[in-house]
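In what follows, a single structure is set out as structure tokens and then discussed.
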Amino acid sequence: SCHSTMSSPSISKYPGYKQGPTLTATLKHPWPKVIQAYQSRFPTNPAFPYIRETVVEEDLRENNVRHITRRITIDVQIPGWLKRMTNLDTFTVREKSTIDYDRQTMTMITENLSLSDNVSMKEECSYERHNSEAPWTQKTLTPFMSLTYCERHSCLGLKGPIENFCSSFFVSRGLDAIKKEEALLDKQDTQHAT
């Protein structure tokens, strides 16, 4: 099982970007197992059907730290009004992750490649050993966005709805990913127990 909380946006550390709400979840599984489950979603995994394609651009190891850069194409469910503006069915992002096996941390920054001239989005995510006696893992997810299109053109009042959609998209996709991670981890526990 999992416990998650959400905190209100604060001042963004990226100039020109609006910070969305931070989602924090405690996954009741040990960090190595959570990281192994996370890595199993690539290149594709039926438990994460929205991941359509993954290309590893870089995979470096130094000492006990691994740096991975991936280009990931995902299916995206967007409102009709936004789809008419963008004509998108898929969305491509670049994920840069650093896994430190000694410190038991994985940090990621994901940035959109699709529509990057119009909407810039970043997502910071971390998995680290929870600071409790139990060997659990804490996941933290924070989105940031900059609507450069709306700053260059008159958006006729669409900036707010687009920002709200992007923020709620990140939160819903984040919560969905946490549920899928927990289900995958629980399934692995069940398989190992039999």
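Just so we're on the same page: first chain in the structure tokens is A, next is B, and so on; residues restart at 1 for each chain, and ligands are numbered from 1 in the order they show up.
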
Test item: residues at most 8 Å from Leu185 (chain A), only C-alpha atoms, excluding those fewer than 6 positions along its chain, as a ChimeraX atom specification: /A:29,33-34,37

Next, dump the selected residues to file, keeping only N, CA and C atoms, as a compact mmCIF listing (two decimals), in the first residue's frame.
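Contents of out_9.txt, as written:
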```txt
# COMPACT_ATOMS: atom_id res chain seq x y z
N HIS A 29 7.92 -0.30 0.01
CA HIS A 29 8.82 -1.31 -0.54
C HIS A 29 10.24 -0.76 -0.45
N LYS A 33 14.25 -2.42 -4.80
CA LYS A 33 13.13 -3.07 -5.49
C LYS A 33 12.31 -2.04 -6.28
N VAL A 34 12.11 -0.86 -5.71
CA VAL A 34 11.35 0.19 -6.39
C VAL A 34 12.09 0.63 -7.65
N ALA A 37 11.80 -1.97 -10.32
CA ALA A 37 10.46 -1.91 -10.92
C ALA A 37 10.33 -0.71 -11.85
```

For Arg66 (chain A), work out the shell of residues within 9 Å, counting only C-alpha atoms and skipping chain neighbours fewer than 5 positions away, then give it as a PyMOL selection string. chain A and resi 59-61+97-101

Residue subset to file, keeping N, CA and C atoms, as a short mmCIF file (atom, residue, chain, number, x, y, z; two decimals), in the first residue's frame:
```cif
data_model
loop_
_atom_site.label_atom_id
_atom_site.label_comp_id
_atom_site.auth_asym_id
_atom_site.auth_seq_id
_atom_site.Cartn_x
_atom_site.Cartn_y
_atom_site.Cartn_z
N ASP A 59 23.84 6.01 -21.55
CA ASP A 59 23.81 5.17 -20.35
C ASP A 59 25.25 5.03 -19.86
N LEU A 60 25.62 5.83 -18.86
CA LEU A 60 26.99 5.86 -18.35
C LEU A 60 27.01 5.41 -16.90
N ARG A 61 28.07 4.72 -16.54
CA ARG A 61 28.27 4.32 -15.15
C ARG A 61 29.64 4.80 -14.70
N SER A 97 18.17 10.77 -15.83
CA SER A 97 18.13 10.25 -14.46
C SER A 97 19.53 9.92 -13.97
N THR A 98 19.68 10.07 -12.67
CA THR A 98 20.93 9.72 -11.99
C THR A 98 20.57 8.79 -10.84
N ILE A 99 21.14 7.60 -10.87
CA ILE A 99 20.89 6.61 -9.84
C ILE A 99 22.17 6.45 -9.03
N ASP A 100 22.10 6.77 -7.75
CA ASP A 100 23.23 6.63 -6.84
C ASP A 100 22.92 5.44 -5.93
N TYR A 101 23.56 4.32 -6.21
CA TYR A 101 23.27 3.09 -5.47
C TYR A 101 23.79 3.13 -4.04
#
```

Can you tell me which residues surround Thr137 (chain A) at a distance of at most 6 Å, considering only C-alpha atoms, apart from same-chain residues fewer than 6 positions away, and format the answer as a short mmCIF file (atom, residue, chain, number, x, y, z; two decimals) with N, CA and C atoms, in the first residue's frame?
```
data_model
loop_
_atom_site.label_atom_id
_atom_site.label_comp_id
_atom_site.auth_asym_id
_atom_site.auth_seq_id
_atom_site.Cartn_x
_atom_site.Cartn_y
_atom_site.Cartn_z
N THR A 26 4.81 7.67 -0.19
CA THR A 26 5.65 6.68 0.46
C THR A 26 5.26 5.32 -0.10
N LEU A 27 6.20 4.72 -0.82
CA LEU A 27 6.00 3.38 -1.37
C LEU A 27 6.52 2.39 -0.33
N PRO A 30 11.25 -1.64 -0.36
CA PRO A 30 12.63 -1.16 -0.27
C PRO A 30 13.09 -0.48 -1.56
N TRP A 31 13.99 0.49 -1.42
CA TRP A 31 14.46 1.29 -2.54
C TRP A 31 14.99 0.47 -3.71
N GLU A 128 13.93 8.05 -3.02
CA GLU A 128 15.00 7.89 -2.05
C GLU A 128 14.50 7.07 -0.88
N ARG A 129 15.46 6.47 -0.20
CA ARG A 129 15.09 5.69 0.97
C ARG A 129 14.38 6.61 1.96
N HIS A 130 13.24 6.16 2.44
CA HIS A 130 12.44 6.95 3.39
C HIS A 130 13.21 7.11 4.70
#
```

Just list as JSON, numbers by chain whatever in region 39-105 of chain A DSSP marks as strand (DSSP E or B). {"A": [51, 52, 53, 54, 55, 56, 57, 58, 59, 60, 61, 62, 65, 66, 67, 68, 69, 70, 71, 72, 73, 74, 75, 90, 91, 92, 93, 94, 95, 96, 97, 98, 99, 100, 105]}

Interatomic distance between CA of Val119 (chain A) and CA of Met145 (chain A)?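 So the two atoms, CA of Val119 (chain A) and CA of Met145 (chain A), lie 7.1 Å apart.
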
Enumerate as a ChimeraX atom specification all residues of region 3-152 of chain A assigned to helix (DSSP H, G or I) by DSSP on the backbone, naming them with the chain letters and numbers the document uses. /A:31-39,80-86,148-152
